[in-house]
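Right, one structure below, let's go through it.
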Amino acid sequence: MSDILSQAEIDALLKAMSSGDEEALKIKDEPAKEARNYNFSRPSKFNKEQLRTLEIIFENYARLLSSFFTGYMRTHCTVEVANAEQMTYNEFNNSLVNPVVLGIIDFSPLKGSIVLELSSNLGYAIIERILGGIGLGLKVVRDFSEIEKILLSRVMSNMISRLPEPWENVLQLKPKLDKIETNSQFAQIFGPNEMIALVTLRVKVGSTEGMINFCLPHLVISPIMDRLYTKFWFEQIAQEEEDTAHREELENQISKAVVPLKAIVGRSNITVNEFVNLQVGDIIPLDSYVTSDLNIYVGNLLKFYARPGTKRGKNAFQITSHISKEEE
């Protein structure tokens, strides 16, 4: 039934009320909508479009990471996005097998942290490449030593430093590595039922393949959830292109503007009587010396110091220094 009744329907209702016809006053119910089951222990916090936007962001990040790994480890490396899905933090944590490489990342300016998980075989291969090996990793699984953790923390810091660029259309990030854990039991920074977006990257370093997982809790990124849409993404890109074109046009117009430029040779104070009686050959002392720099004004603003001279038979000034904003 529509929210607004037509005039004919209003007249029919009034007539039915005056005649007492109850059947005419009955309103037909709309067809009942089919109910769907809702799991309160696993609520859906990310829709498909938001997950797709996260994939786009990390596809850009994967290209940056591939270039970094190739140069840093001096071997061919490929990084690509495998998938993005939502799950509970407990499901993610239960899938980890010790030892693991977990980086706890401060996701500033958002409040809270995200988790970067590096598969152990990939961690071993990276360490071996850094130390001059061929990057095959270890056949026997063991915990990481303190020196190896320091090396991995440096690699992770470099990985995190490349996060702001792919996120710039959504948020100006300032991420920072807080710490590294090799035991998943020490990384219980979220509730077990907290919904997360898990973005998985497939990495190949030489002949070794592994996974990198980014765990993004809904609690942390909820302030920017409305920006994780392709519509917002492309609107931001279009706005940036428009701003760039406007800035270039403005710079072009300003570059054509004519501004007065003047050089002050020196100043002197004389009386009106001295000024009236000035004769050819009179000398007026100035407050500057022959070796002094001259003040160059752009409009009424002192911007440069210069020395007088000639160029191609014309009077000229050579700029010796400029005045910064702090000195103005």
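By convention here, the chains of the structure tokens are called A, B, ... in the order presented, each chain's residues are numbered starting at 1, and ligands are numbered starting at 1 in the order presented.
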
message = Taking only stretch 113-297 of chain A into account, list the residues labelled helix (DSSP H, G or I) by DSSP (computed from the backbone), as a PyMOL selection string.
response = chain A and resi 120-130+146-160+164-167+184-186+218-227+230-255+272-276

key: Who sits within 12 Å of A:Leu102, only C-alpha atoms, same chain under 2 positions skipped, as an NGL selection string   = :A and (93 or 96-100 or 104-105 or 114-120 or 123 or 144 or 149 or 152-153 or 156 or 177-189 or 212-215)

query = Which residues, written as an MDAnalysis selection string, have at least one atom at most 12 Å from A:Thr70, with only C-alpha atoms counted and residues fewer than 3 positions away on the same chain left out?
reply = chainID A and resid 63:67 73:79 126 129:130 203:206

Those residues you just picked out, can you put them in a file as a compact mmCIF listing (two decimals), in the first residue's frame with C-alpha atoms?
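Contents of result_26.txt, freshly written:
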# COMPACT_ATOMS: atom_id res chain seq x y z
CA ARG A 63 52.80 -3.81 -6.95
CA LEU A 64 54.77 -1.60 -4.56
CA LEU A 65 55.70 -4.59 -2.40
CA SER A 66 56.84 -6.60 -5.42
CA SER A 67 59.25 -3.84 -6.45
CA MET A 73 66.50 -9.30 -1.74
CA ARG A 74 68.16 -9.05 -5.18
CA THR A 75 66.00 -11.77 -6.72
CA HIS A 76 62.81 -11.91 -8.74
CA CYS A 77 59.75 -11.58 -6.48
CA THR A 78 56.05 -11.48 -7.30
CA VAL A 79 53.19 -10.36 -5.06
CA ILE A 126 63.61 -13.71 3.40
CA ARG A 129 68.25 -13.98 1.13
CA ILE A 130 69.21 -11.04 3.37
CA VAL A 203 54.15 -14.03 -2.51
CA LYS A 204 56.90 -15.79 -4.42
CA VAL A 205 60.52 -15.11 -3.47
CA GLY A 206 62.76 -16.96 -5.89

message = If I take atom CA of A:Pro223 and atom CA of A:Phe46, how far is one from the other in Å, to one decimal?
response = 13.1 Å

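Backbone DSSP over stretch 78-121 of chain A yields strand (DSSP E) at Thr78, Val79, Glu80, Val81, Ala82, Asn83, Ala84, Glu85, Gln86, Met87, Thr88, Val101, Leu102, Gly103, Ile104, Ile105, Asp106, Ser113, Ile114, Val115, Leu116, Glu117 and Leu118 of chain A.
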
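Of note, atom CA of A:Asp282 and atom CA of A:Gln318 are spaced 28.8 Å apart.
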